[in-house]
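As stored in data-v3.cif (mmCIF, C-alpha atoms):
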data_structure
loop_
_atom_site.group_PDB
_atom_site.id
_atom_site.type_symbol
_atom_site.label_atom_id
_atom_site.label_comp_id
_atom_site.auth_asym_id
_atom_site.auth_seq_id
_atom_site.Cartn_x
_atom_site.Cartn_y
_atom_site.Cartn_z
ATOM 1 C CA MET A 210 -16.042 11.032 -21.532
ATOM 2 C CA VAL A 211 -15.235 7.954 -19.450
ATOM 3 C CA ARG A 212 -11.704 8.000 -18.075
ATOM 4 C CA LYS A 213 -10.594 4.396 -17.569
ATOM 5 C CA THR A 214 -8.489 4.234 -14.426
ATOM 6 C CA ALA A 215 -6.028 1.796 -12.860
ATOM 7 C CA VAL A 216 -4.964 2.090 -9.211
ATOM 8 C CA HIS A 217 -1.586 0.854 -7.938
ATOM 9 C CA ILE A 218 -1.339 0.257 -4.175
ATOM 10 C CA ASP A 219 1.847 -0.175 -2.171
ATOM 11 C CA GLY A 220 0.312 -2.512 0.414
ATOM 12 C CA TYR A 221 3.257 -2.238 2.798
ATOM 13 C CA ASN A 222 3.098 1.561 2.727
ATOM 14 C CA LEU A 223 -0.674 1.572 3.149
ATOM 15 C CA TYR A 224 -0.491 -0.763 6.147
ATOM 16 C CA TYR A 225 2.331 0.938 8.026
ATOM 17 C CA GLY A 226 1.371 4.451 6.968
ATOM 18 C CA ARG A 227 -2.323 4.298 7.820
ATOM 19 C CA LEU A 228 -3.825 0.968 8.919
ATOM 20 C CA ARG A 229 -1.463 -0.433 11.540
ATOM 21 C CA GLY A 230 -2.826 -0.007 15.045
ATOM 22 C CA THR A 231 -6.326 0.870 13.794
ATOM 23 C CA ARG A 232 -9.593 -1.055 13.481
ATOM 24 C CA PHE A 233 -9.602 -0.567 9.693
ATOM 25 C CA LYS A 234 -7.295 -3.378 8.530
ATOM 26 C CA TRP A 235 -10.180 -5.388 6.966
ATOM 27 C CA LEU A 236 -10.269 -2.780 4.198
ATOM 28 C CA ASP A 237 -12.009 -3.189 0.862
ATOM 29 C CA VAL A 238 -9.470 -1.320 -1.248
ATOM 30 C CA VAL A 239 -11.597 -1.513 -4.394
ATOM 31 C CA SER A 240 -14.580 0.161 -2.703
ATOM 32 C CA LEU A 241 -12.283 2.723 -1.064
ATOM 33 C CA PHE A 242 -10.825 3.842 -4.379
ATOM 34 C CA GLU A 243 -14.163 3.857 -6.146
ATOM 35 C CA GLY A 244 -15.271 6.459 -3.607
ATOM 36 C CA LEU A 245 -12.048 8.460 -3.794
ATOM 37 C CA LEU A 246 -12.192 8.557 -7.572
ATOM 38 C CA ARG A 247 -15.806 9.758 -7.624
ATOM 39 C CA ARG A 248 -14.802 12.767 -5.535
ATOM 40 C CA GLN A 249 -11.669 13.562 -7.552
ATOM 41 C CA ASP A 250 -12.840 12.915 -11.095
ATOM 42 C CA ALA A 251 -16.495 12.545 -12.096
ATOM 43 C CA ASP A 252 -15.449 10.917 -15.379
ATOM 44 C CA ALA A 253 -13.267 8.220 -13.773
ATOM 45 C CA GLU A 254 -14.207 4.566 -14.115
ATOM 46 C CA LEU A 255 -12.205 2.159 -11.956
ATOM 47 C CA GLN A 256 -11.116 -0.702 -14.186
ATOM 48 C CA LEU A 257 -8.288 -2.301 -12.227
ATOM 49 C CA VAL A 258 -6.665 -2.283 -8.792
ATOM 50 C CA ARG A 259 -3.123 -3.632 -8.558
ATOM 51 C CA TYR A 260 -2.045 -4.480 -5.019
ATOM 52 C CA PHE A 261 1.657 -4.977 -4.272
ATOM 53 C CA THR A 262 2.836 -6.607 -1.047
ATOM 54 C CA SER A 263 4.971 -9.358 0.496
ATOM 55 C CA PRO A 264 3.968 -12.319 2.666
ATOM 56 C CA ALA A 265 4.222 -11.625 6.404
ATOM 57 C CA LEU A 266 6.954 -13.388 8.394
ATOM 58 C CA GLY A 267 5.441 -14.998 11.465
ATOM 59 C CA ARG A 268 8.596 -14.970 13.585
ATOM 60 C CA PHE A 269 8.752 -11.183 13.352
ATOM 61 C CA ALA A 270 5.019 -10.417 13.484
ATOM 62 C CA THR A 271 3.228 -9.185 16.617
ATOM 63 C CA HIS A 272 0.816 -12.131 16.610
ATOM 64 C CA GLY A 273 3.183 -14.708 15.153
ATOM 65 C CA GLU A 274 1.608 -17.222 12.797
ATOM 66 C CA ALA A 275 -1.809 -15.683 13.469
ATOM 67 C CA SER A 276 -0.561 -12.588 11.634
ATOM 68 C CA VAL A 277 0.427 -14.720 8.653
ATOM 69 C CA LEU A 278 -2.991 -16.398 8.541
ATOM 70 C CA ALA A 279 -4.743 -13.054 8.939
ATOM 71 C CA GLN A 280 -2.907 -11.608 5.956
ATOM 72 C CA GLN A 281 -3.659 -14.692 3.872
ATOM 73 C CA ASP A 282 -7.357 -14.547 4.766
ATOM 74 C CA TYR A 283 -7.453 -10.856 3.917
ATOM 75 C CA HIS A 284 -5.951 -11.455 0.485
ATOM 76 C CA ARG A 285 -8.331 -14.354 -0.165
ATOM 77 C CA ALA A 286 -11.309 -12.217 0.837
ATOM 78 C CA LEU A 287 -10.298 -9.388 -1.501
ATOM 79 C CA ARG A 288 -9.818 -11.764 -4.419
ATOM 80 C CA ALA A 289 -13.137 -13.497 -3.716
ATOM 81 C CA LEU A 290 -15.077 -10.220 -3.789
ATOM 82 C CA HIS A 291 -13.235 -8.654 -6.733
ATOM 83 C CA PRO A 292 -12.004 -11.480 -8.978
ATOM 84 C CA GLN A 293 -12.141 -9.377 -12.144
ATOM 85 C CA ARG A 294 -10.712 -6.071 -10.958
ATOM 86 C CA LEU A 295 -8.078 -6.944 -8.343
ATOM 87 C CA LEU A 296 -4.612 -8.267 -9.149
ATOM 88 C CA MET A 297 -1.967 -9.010 -6.500
ATOM 89 C CA THR A 298 1.784 -9.018 -7.039
ATOM 90 C CA PHE A 299 4.067 -10.389 -4.332
ATOM 91 C CA GLY A 300 7.629 -9.515 -3.465
ATOM 92 C CA HIS A 301 9.521 -10.990 -0.542
ATOM 93 C CA HIS A 302 11.326 -10.085 2.670
ATOM 94 C CA SER A 303 15.053 -10.423 3.149
ATOM 95 C CA MET A 304 17.166 -10.336 6.279
ATOM 96 C CA ASP A 305 20.712 -10.946 7.420
ATOM 97 C CA ARG A 306 20.443 -14.071 9.557
ATOM 98 C CA GLY A 307 23.583 -13.069 11.434
ATOM 99 C CA GLY A 308 22.182 -9.632 12.258
ATOM 100 C CA THR A 309 23.209 -6.263 10.866
ATOM 101 C CA TRP A 310 25.612 -3.864 12.575
ATOM 102 C CA LEU A 311 24.163 -0.337 12.847
ATOM 103 C CA PRO A 312 25.246 2.763 14.776
ATOM 104 C CA GLU A 313 23.724 2.941 18.269
ATOM 105 C CA TYR A 314 21.218 5.712 18.903
ATOM 106 C CA ILE A 315 22.037 7.871 21.934
ATOM 107 C CA ALA A 316 19.679 10.762 22.688
ATOM 108 C CA GLY A 317 21.357 14.128 22.309
ATOM 109 C CA ALA A 318 24.533 12.695 20.782
ATOM 110 C CA SER A 319 25.662 12.717 17.165
ATOM 111 C CA CYS A 320 26.069 9.506 15.209
ATOM 112 C CA ASP A 321 29.210 7.601 16.160
ATOM 113 C CA ARG A 322 29.877 4.747 13.748
ATOM 114 C CA ARG A 323 32.335 3.229 16.220
ATOM 115 C CA ARG A 324 29.473 2.504 18.635
ATOM 116 C CA ARG A 325 27.414 -0.108 16.878
ATOM 117 C CA VAL A 326 24.831 -2.714 17.860
ATOM 118 C CA ARG A 327 23.685 -5.830 16.048
ATOM 119 C CA VAL A 328 19.988 -5.755 15.035
ATOM 120 C CA TRP A 329 17.506 -7.756 13.023
ATOM 121 C CA LYS A 330 17.048 -5.802 9.785
ATOM 122 C CA ILE A 331 14.039 -6.895 7.733
ATOM 123 C CA GLU A 332 13.568 -5.403 4.282
ATOM 124 C CA GLU A 333 10.754 -5.784 1.808
ATOM 125 C CA LYS A 334 12.129 -6.450 -1.655
ATOM 126 C CA GLN A 335 10.761 -5.869 -5.174
ATOM 127 C CA THR A 336 7.565 -3.987 -4.269
ATOM 128 C CA ASP A 337 8.830 -0.581 -5.480
ATOM 129 C CA VAL A 338 10.200 -2.035 -8.692
ATOM 130 C CA ASN A 339 7.112 -4.161 -9.361
ATOM 131 C CA LEU A 340 4.803 -1.200 -8.802
ATOM 132 C CA ALA A 341 6.808 1.220 -10.944
ATOM 133 C CA LEU A 342 7.124 -1.286 -13.782
ATOM 134 C CA ALA A 343 3.400 -2.098 -13.697
ATOM 135 C CA MET A 344 2.479 1.594 -13.804
ATOM 136 C CA TYR A 345 4.686 2.225 -16.805
ATOM 137 C CA ARG A 346 3.399 -0.842 -18.636
ATOM 138 C CA ASP A 347 -0.203 0.176 -17.927
ATOM 139 C CA ALA A 348 0.587 3.602 -19.355
ATOM 140 C CA ALA A 349 2.142 2.049 -22.452
ATOM 141 C CA SER A 350 -0.761 -0.373 -22.958
ATOM 142 C CA GLY A 351 -3.151 2.367 -24.053
ATOM 143 C CA ASN A 352 -5.887 0.801 -21.913
ATOM 144 C CA PHE A 353 -6.084 3.589 -19.337
ATOM 145 C CA GLN A 354 -6.515 7.340 -19.395
ATOM 146 C CA GLN A 355 -5.708 7.731 -15.692
ATOM 147 C CA LEU A 356 -3.279 6.054 -13.295
ATOM 148 C CA VAL A 357 -3.383 6.431 -9.517
ATOM 149 C CA VAL A 358 -0.722 5.374 -7.031
ATOM 150 C CA CYS A 359 -1.322 4.869 -3.302
ATOM 151 C CA THR A 360 1.996 5.357 -1.515
ATOM 152 C CA ASN A 361 4.040 7.959 0.290
ATOM 153 C CA ASP A 362 7.325 6.507 -0.929
ATOM 154 C CA SER A 363 9.277 8.967 -3.058
ATOM 155 C CA ASP A 364 11.114 6.064 -4.747
ATOM 156 C CA VAL A 365 8.125 5.865 -7.115
ATOM 157 C CA ALA A 366 8.657 9.458 -8.299
ATOM 158 C CA PRO A 367 10.952 8.553 -11.242
ATOM 159 C CA ALA A 368 8.230 6.289 -12.642
ATOM 160 C CA LEU A 369 5.670 9.104 -12.419
ATOM 161 C CA ALA A 370 8.115 11.497 -14.080
ATOM 162 C CA ALA A 371 8.726 9.035 -16.919
ATOM 163 C CA ILE A 372 5.010 8.506 -17.480
ATOM 164 C CA ARG A 373 4.403 12.247 -17.437
ATOM 165 C CA GLU A 374 7.111 12.744 -20.087
ATOM 166 C CA ASP A 375 6.353 9.753 -22.316
ATOM 167 C CA PHE A 376 2.546 9.713 -22.028
ATOM 168 C CA PRO A 377 1.472 13.333 -21.423
ATOM 169 C CA GLY A 378 -2.172 12.507 -22.128
ATOM 170 C CA ILE A 379 -2.469 10.259 -19.073
ATOM 171 C CA ARG A 380 -3.860 11.837 -15.916
ATOM 172 C CA LEU A 381 -1.921 10.986 -12.724
ATOM 173 C CA GLY A 382 -3.227 10.863 -9.156
ATOM 174 C CA VAL A 383 -1.466 10.277 -5.837
ATOM 175 C CA VAL A 384 -3.112 9.053 -2.634
ATOM 176 C CA ALA A 385 -0.892 9.364 0.443
ATOM 177 C CA PRO A 386 -1.792 6.738 3.082
ATOM 178 C CA ARG A 387 -1.520 9.110 6.034
ATOM 179 C CA PRO A 388 -3.737 9.720 9.076
ATOM 180 C CA PRO A 389 -6.076 12.712 9.270
ATOM 181 C CA ALA A 390 -5.086 16.134 10.566
ATOM 182 C CA LEU A 391 -5.354 15.403 14.282
ATOM 183 C CA ALA A 392 -2.817 12.571 14.051
ATOM 184 C CA ARG A 393 -0.312 14.226 11.716
ATOM 185 C CA GLU A 394 2.182 15.060 14.448
ATOM 186 C CA ARG A 395 3.393 11.460 14.418
ATOM 187 C CA ALA A 396 3.074 10.944 10.679
ATOM 188 C CA ARG A 397 5.388 11.663 7.786
ATOM 189 C CA ALA A 398 4.338 14.543 5.563
ATOM 190 C CA ALA A 399 2.896 13.718 2.156
ATOM 191 C CA SER A 400 5.711 13.326 -0.337
ATOM 192 C CA ALA A 401 6.219 16.591 -2.205
ATOM 193 C CA THR A 402 8.270 14.702 -4.791
ATOM 194 C CA LEU A 403 5.289 12.540 -5.735
ATOM 195 C CA ALA A 404 2.900 15.489 -5.717
ATOM 196 C CA LEU A 405 5.182 17.325 -8.155
ATOM 197 C CA HIS A 406 4.235 14.893 -10.941
ATOM 198 C CA ALA A 407 0.519 14.495 -10.131
ATOM 199 C CA ASP A 408 -2.610 16.138 -11.513
ATOM 200 C CA TRP A 409 -4.295 15.655 -8.138
ATOM 201 C CA VAL A 410 -3.292 14.521 -4.649
ATOM 202 C CA VAL A 411 -5.234 13.104 -1.696
ATOM 203 C CA ARG A 412 -3.037 13.950 1.289
ATOM 204 C CA HIS A 413 -4.656 11.728 3.934
ATOM 205 C CA LEU A 414 -7.303 9.037 4.426
ATOM 206 C CA LEU A 415 -10.068 9.842 6.890
ATOM 207 C CA ASP A 416 -11.320 7.393 9.510
ATOM 208 C CA GLU A 417 -14.857 7.642 8.130
ATOM 209 C CA GLU A 418 -13.652 6.757 4.624
ATOM 210 C CA LEU A 419 -11.943 3.637 5.930
ATOM 211 C CA ALA A 420 -14.831 2.715 8.242
ATOM 212 C CA ARG A 421 -17.460 2.704 5.486
ATOM 213 C CA THR A 422 -15.337 0.638 3.081
ATOM 214 C CA GLN A 423 -14.622 -2.372 5.275
ATOM 215 C CA LEU A 424 -15.130 -5.889 3.938
ATOM 216 C CA PRO A 425 -18.144 -7.822 5.269
ATOM 217 C CA PRO A 426 -17.343 -9.587 8.588
ATOM 218 C CA ARG A 427 -17.698 -12.887 6.725
ATOM 219 C CA VAL A 428 -16.889 -13.150 3.035
ATOM 220 C CA PRO A 429 -18.628 -16.125 1.372
ATOM 221 C CA VAL A 430 -16.508 -18.478 -0.724
ATOM 222 C CA ARG A 431 -17.167 -21.925 -2.173
ATOM 223 C CA LYS A 432 -16.200 -24.047 0.847
ATOM 224 C CA ARG A 433 -16.659 -21.844 3.908
ATOM 225 C CA ALA A 434 -16.796 -18.130 4.620
ATOM 226 C CA ILE A 435 -13.637 -16.155 5.321
ATOM 227 C CA ALA A 436 -14.048 -14.415 8.672
ATOM 228 C CA ARG A 437 -12.406 -11.206 9.733
ATOM 229 C CA PRO A 438 -9.411 -12.128 11.972
ATOM 230 C CA ALA A 439 -10.262 -11.872 15.661
ATOM 231 C CA HIS A 440 -7.270 -9.637 16.493
ATOM 232 C CA TRP A 441 -8.118 -7.217 13.646
#
Structure re-expressed in C-alpha coordinates:
Amino acid sequence: MVRKTAVHIDGYNLYYGRLRGTRFKWLDVVSLFEGLLRRQDADAELQLVRYFTSPALGRFATHGEASVLAQQDYHRALRALHPQRLLMTFGHHSMDRGGTWLPEYIAGASCDRRRRVRVWKIEEKQTDVNLALAMYRDAASGNFQQLVVCTNDSDVAPALAAIREDFPGIRLGVVAPRPPALARERARAASATLALHADWVVRHLLDEELARTQLPPRVPVRKRAIARPAHW
(Lines of atoms letter the chains of each structure in order from A and count residues from 1; the text may use other names and numbers.)
(Lines give C-alpha, C1' and ligand atoms only; values in the text may rest on other atoms or scores of the structure.)
Protein backbone atom coordinates (compact mmCIF):
# COMPACT_ATOMS: atom_id res chain seq x y z
CA MET A 1 0.00 0.00 0.00
CA VAL A 2 1.34 3.42 -0.97
CA ARG A 3 1.52 5.82 1.96
CA LYS A 4 1.22 9.36 0.60
CA THR A 5 3.48 11.61 2.64
CA ALA A 6 3.89 15.34 3.22
CA VAL A 7 7.02 16.78 4.85
CA HIS A 8 6.99 20.04 6.84
CA ILE A 9 10.39 21.73 7.31
CA ASP A 10 11.21 24.48 9.79
CA GLY A 11 13.85 26.13 7.61
CA TYR A 12 15.19 28.31 10.42
CA ASN A 13 15.62 25.29 12.69
CA LEU A 14 17.22 23.23 9.93
CA TYR A 15 19.71 25.99 9.12
CA TYR A 16 20.78 26.86 12.65
CA GLY A 17 20.50 23.31 13.97
CA ARG A 18 22.46 21.55 11.24
CA LEU A 19 23.58 23.56 8.19
CA ARG A 20 25.13 26.75 9.54
CA GLY A 21 28.91 26.65 9.40
CA THR A 22 28.95 23.60 7.10
CA ARG A 23 29.47 23.11 3.37
CA PHE A 24 25.96 21.63 3.00
CA LYS A 25 23.81 24.77 2.75
CA TRP A 26 23.02 24.20 -0.97
CA LEU A 27 20.75 21.35 0.13
CA ASP A 28 18.11 19.69 -2.03
CA VAL A 29 15.54 19.11 0.70
CA VAL A 30 13.24 17.12 -1.58
CA SER A 31 15.97 14.62 -2.47
CA LEU A 32 17.08 14.45 1.17
CA PHE A 33 13.63 13.47 2.40
CA GLU A 34 13.03 11.03 -0.42
CA GLY A 35 16.08 9.14 0.84
CA LEU A 36 15.11 9.41 4.50
CA LEU A 37 11.62 8.16 3.79
CA ARG A 38 12.86 5.14 1.82
CA ARG A 39 14.86 4.02 4.85
CA GLN A 40 12.06 4.63 7.36
CA ASP A 41 9.02 3.43 5.44
CA ALA A 42 9.20 1.32 2.28
CA ASP A 43 5.59 2.21 1.46
CA ALA A 44 6.09 6.00 1.68
CA GLU A 45 5.64 8.15 -1.41
CA LEU A 46 6.75 11.77 -1.04
CA GLN A 47 3.97 13.94 -2.43
CA LEU A 48 4.72 17.36 -0.96
CA VAL A 49 7.44 19.27 0.88
CA ARG A 50 6.37 22.41 2.73
CA TYR A 51 9.26 24.71 3.63
CA PHE A 52 8.73 27.43 6.24
CA THR A 53 11.19 30.29 6.66
CA SER A 54 11.64 34.07 6.80
CA PRO A 55 13.66 36.39 4.55
CA ALA A 56 17.17 37.09 5.84
CA LEU A 57 17.97 40.58 7.13
CA GLY A 58 21.15 41.84 5.51
CA ARG A 59 22.14 44.24 8.28
CA PHE A 60 22.32 41.37 10.75
CA ALA A 61 23.72 38.67 8.45
CA THR A 62 27.38 37.61 8.43
CA HIS A 63 27.80 38.47 4.74
CA GLY A 64 25.37 41.38 4.64
CA GLU A 65 23.36 41.72 1.45
CA ALA A 66 25.26 38.77 -0.04
CA SER A 67 23.50 36.59 2.54
CA VAL A 68 20.13 37.92 1.41
CA LEU A 69 20.92 37.21 -2.25
CA ALA A 70 22.24 33.76 -1.38
CA GLN A 71 19.02 32.84 0.40
CA GLN A 72 16.94 34.17 -2.49
CA ASP A 73 18.97 32.19 -5.03
CA TYR A 74 18.64 29.06 -2.91
CA HIS A 75 14.86 29.39 -2.76
CA ARG A 76 14.67 30.05 -6.51
CA ALA A 77 16.81 26.99 -7.22
CA LEU A 78 14.62 24.73 -5.08
CA ARG A 79 11.44 25.98 -6.74
CA ALA A 80 12.96 25.60 -10.21
CA LEU A 81 13.89 21.96 -9.61
CA HIS A 82 10.72 20.96 -7.75
CA PRO A 83 7.88 23.18 -9.01
CA GLN A 84 5.20 20.58 -8.33
CA ARG A 85 6.24 19.22 -4.95
CA LEU A 86 7.76 22.16 -3.06
CA LEU A 87 5.75 24.93 -1.43
CA MET A 88 7.31 27.78 0.56
CA THR A 89 5.61 29.79 3.29
CA PHE A 90 7.27 32.94 4.61
CA GLY A 91 7.05 34.57 8.00
CA HIS A 92 9.03 37.63 9.01
CA HIS A 93 11.58 38.91 11.51
CA SER A 94 10.81 41.45 14.19
CA MET A 95 13.09 43.51 16.39
CA ASP A 96 12.96 46.35 18.87
CA ARG A 97 14.69 49.20 17.07
CA GLY A 98 15.57 50.79 20.40
CA GLY A 99 17.20 47.59 21.66
CA THR A 100 15.96 45.20 24.33
CA TRP A 101 17.08 45.24 27.96
CA LEU A 102 18.21 41.79 29.15
CA PRO A 103 20.05 40.60 32.27
CA GLU A 104 23.84 40.60 31.85
CA TYR A 105 25.56 37.22 31.82
CA ILE A 106 28.40 36.92 34.34
CA ALA A 107 30.20 33.57 34.53
CA GLY A 108 29.71 31.85 37.86
CA ALA A 109 27.09 34.33 39.08
CA SER A 110 23.33 33.92 39.30
CA CYS A 111 20.98 36.04 37.23
CA ASP A 112 20.66 39.58 38.56
CA ARG A 113 17.84 41.45 36.83
CA ARG A 114 19.20 44.74 38.16
CA ARG A 115 22.30 44.35 35.97
CA ARG A 116 21.00 44.65 32.45
CA VAL A 117 22.44 45.45 29.03
CA ARG A 118 20.73 46.64 25.87
CA VAL A 119 20.97 44.17 22.95
CA TRP A 120 19.63 43.69 19.46
CA LYS A 121 16.96 40.99 19.79
CA ILE A 122 15.85 39.50 16.47
CA GLU A 123 12.93 37.09 16.45
CA GLU A 124 11.46 35.04 13.65
CA LYS A 125 7.68 35.34 13.66
CA GLN A 126 4.88 33.09 12.37
CA THR A 127 6.97 30.07 11.32
CA ASP A 128 5.82 27.84 14.21
CA VAL A 129 2.20 28.81 13.76
CA ASN A 130 2.30 28.47 9.97
CA LEU A 131 3.91 25.04 10.20
CA ALA A 132 1.54 23.72 12.87
CA LEU A 133 -1.53 24.99 11.02
CA ALA A 134 -0.36 23.50 7.71
CA MET A 135 0.27 20.11 9.34
CA TYR A 136 -3.18 20.03 10.87
CA ARG A 137 -4.86 21.10 7.64
CA ASP A 138 -2.92 18.46 5.70
CA ALA A 139 -4.12 15.88 8.21
CA ALA A 140 -7.71 17.06 7.85
CA SER A 141 -7.54 17.10 4.04
CA GLY A 142 -7.49 13.31 3.78
CA ASN A 143 -4.79 13.56 1.11
CA PHE A 144 -1.98 12.06 3.18
CA GLN A 145 -1.45 8.92 5.22
CA GLN A 146 1.82 10.16 6.72
CA LEU A 147 3.10 13.54 7.91
CA VAL A 148 6.73 14.28 8.74
CA VAL A 149 8.10 17.34 10.51
CA CYS A 150 11.74 18.47 10.40
CA THR A 151 12.43 20.52 13.52
CA ASN A 152 13.78 20.23 17.03
CA ASP A 153 11.41 22.88 18.37
CA SER A 154 9.08 21.50 21.02
CA ASP A 155 6.57 24.29 20.27
CA VAL A 156 5.27 22.03 17.48
CA ALA A 157 4.40 19.25 19.94
CA PRO A 158 0.80 20.41 20.58
CA ALA A 159 0.08 20.17 16.85
CA LEU A 160 1.44 16.61 16.74
CA ALA A 161 -0.62 15.70 19.81
CA ALA A 162 -3.78 17.11 18.21
CA ILE A 163 -3.18 15.22 14.98
CA ARG A 164 -2.51 12.02 16.90
CA GLU A 165 -5.81 12.43 18.79
CA ASP A 166 -8.01 13.63 15.93
CA PHE A 167 -6.54 11.56 13.09
CA PRO A 168 -5.20 8.34 14.68
CA GLY A 169 -4.80 6.68 11.28
CA ILE A 170 -2.10 9.11 10.17
CA ARG A 171 1.50 8.02 10.68
CA LEU A 172 3.79 10.71 12.16
CA GLY A 173 7.54 11.09 11.73
CA VAL A 174 10.04 13.51 13.27
CA VAL A 175 13.43 14.43 11.82
CA ALA A 176 15.66 16.36 14.23
CA PRO A 177 18.12 18.62 12.35
CA ARG A 178 21.09 17.82 14.58
CA PRO A 179 24.72 16.96 13.83
CA PRO A 180 26.00 13.38 13.99
CA ALA A 181 27.31 11.71 17.13
CA LEU A 182 30.80 13.19 17.12
CA ALA A 183 29.45 16.75 17.20
CA ARG A 184 26.65 16.24 19.73
CA GLU A 185 28.52 17.83 22.61
CA ARG A 186 27.68 21.27 21.24
CA ALA A 187 24.21 20.40 20.02
CA ARG A 188 20.84 20.34 21.71
CA ALA A 189 19.42 16.89 22.35
CA ALA A 190 16.57 15.71 20.14
CA SER A 191 13.29 16.90 21.58
CA ALA A 192 11.75 14.16 23.70
CA THR A 193 8.44 16.03 23.59
CA LEU A 194 8.25 15.70 19.81
CA ALA A 195 9.37 12.07 19.88
CA LEU A 196 6.57 11.27 22.33
CA HIS A 197 3.96 11.78 19.59
CA ALA A 198 5.86 10.18 16.68
CA ASP A 199 5.75 6.73 15.12
CA TRP A 200 9.41 7.10 14.14
CA VAL A 201 12.23 9.56 14.79
CA VAL A 202 15.46 10.38 12.95
CA ARG A 203 17.67 11.86 15.66
CA HIS A 204 20.42 13.40 13.50
CA LEU A 205 21.40 14.08 9.89
CA LEU A 206 24.70 12.59 8.75
CA ASP A 207 27.27 14.50 6.71
CA GLU A 208 27.13 11.88 3.96
CA GLU A 209 23.34 12.23 3.70
CA LEU A 210 23.66 15.98 3.24
CA ALA A 211 26.65 15.69 0.88
CA ARG A 212 24.89 13.39 -1.59
CA THR A 213 21.71 15.49 -1.72
CA GLN A 214 23.19 18.84 -2.70
CA LEU A 215 21.68 20.85 -5.55
CA PRO A 216 23.67 20.98 -8.81
CA PRO A 217 26.33 23.76 -8.74
CA ARG A 218 24.30 25.54 -11.43
CA VAL A 219 20.54 25.13 -11.63
CA PRO A 220 19.18 25.93 -15.12
CA VAL A 221 16.26 28.34 -15.38
CA ARG A 222 14.70 30.18 -18.32
CA LYS A 223 16.99 33.23 -18.40
CA ARG A 224 20.27 32.17 -16.81
CA ALA A 225 21.42 29.46 -14.44
CA ILE A 226 21.31 29.97 -10.68
CA ALA A 227 24.79 29.37 -9.30
CA ARG A 228 25.65 28.17 -5.84
CA PRO A 229 26.69 31.25 -3.78
CA ALA A 230 30.46 31.63 -3.61
CA HIS A 231 30.56 31.88 0.21
CA TRP A 232 28.43 28.72 0.60
Next on the checklist: When you count only C-alpha atoms, which of these residues is closest to A:Ala279: A:Arg322, A:Arg433, A:Arg387, A:Lys234?
Outcome noted: A:Lys234
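Residue nearest A:Val430, chosen from A:Lys213, A:Ala289, A:Tyr221, A:Gly244 and counting only C-alpha atoms: A:Ala289.
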Item to check | Selection under test: the PyMOL selection byres ((chain A and resi 409) around 8); residues as an MDAnalysis selection string | outcome: chainID A and resid 249 381:383 404 407:408 410:411
Next on the checklist: Once the PyMOL selection byres ((chain A and resi 310) around 12) has been evaluated on this model, what residues remain selected, and can you format them as a VMD selection string?
Outcome noted: chain A and resid 305 to 309 311 to 313 322 to 330
Restricting the output to C-alpha atoms, write the selected residues as a PDB file, keeping the file's coordinate frame.
ATOM      1  CA  ASP A 305      20.712 -10.946   7.420  1.00  0.00           C
ATOM      2  CA  ARG A 306      20.443 -14.071   9.557  1.00  0.00           C
ATOM      3  CA  GLY A 307      23.583 -13.069  11.434  1.00  0.00           C
ATOM      4  CA  GLY A 308      22.182  -9.632  12.258  1.00  0.00           C
ATOM      5  CA  THR A 309      23.209  -6.263  10.866  1.00  0.00           C
ATOM      6  CA  LEU A 311      24.163  -0.337  12.847  1.00  0.00           C
ATOM      7  CA  PRO A 312      25.246   2.763  14.776  1.00  0.00           C
ATOM      8  CA  GLU A 313      23.724   2.941  18.269  1.00  0.00           C
ATOM      9  CA  ARG A 322      29.877   4.747  13.748  1.00  0.00           C
ATOM     10  CA  ARG A 323      32.335   3.229  16.220  1.00  0.00           C
ATOM     11  CA  ARG A 324      29.473   2.504  18.635  1.00  0.00           C
ATOM     12  CA  ARG A 325      27.414  -0.108  16.878  1.00  0.00           C
ATOM     13  CA  VAL A 326      24.831  -2.714  17.860  1.00  0.00           C
ATOM     14  CA  ARG A 327      23.685  -5.830  16.048  1.00  0.00           C
ATOM     15  CA  VAL A 328      19.988  -5.755  15.035  1.00  0.00           C
ATOM     16  CA  TRP A 329      17.506  -7.756  13.023  1.00  0.00           C
ATOM     17  CA  LYS A 330      17.048  -5.802   9.785  1.00  0.00           C
TER      18      LYS A 330
END
Checklist outcome for this item: Using all atoms listed in the file, the shortest atom-to-atom distance to A:His413 among A:Pro438, A:Pro292, A:Pro264, A:Gly226 belongs to A:Gly226
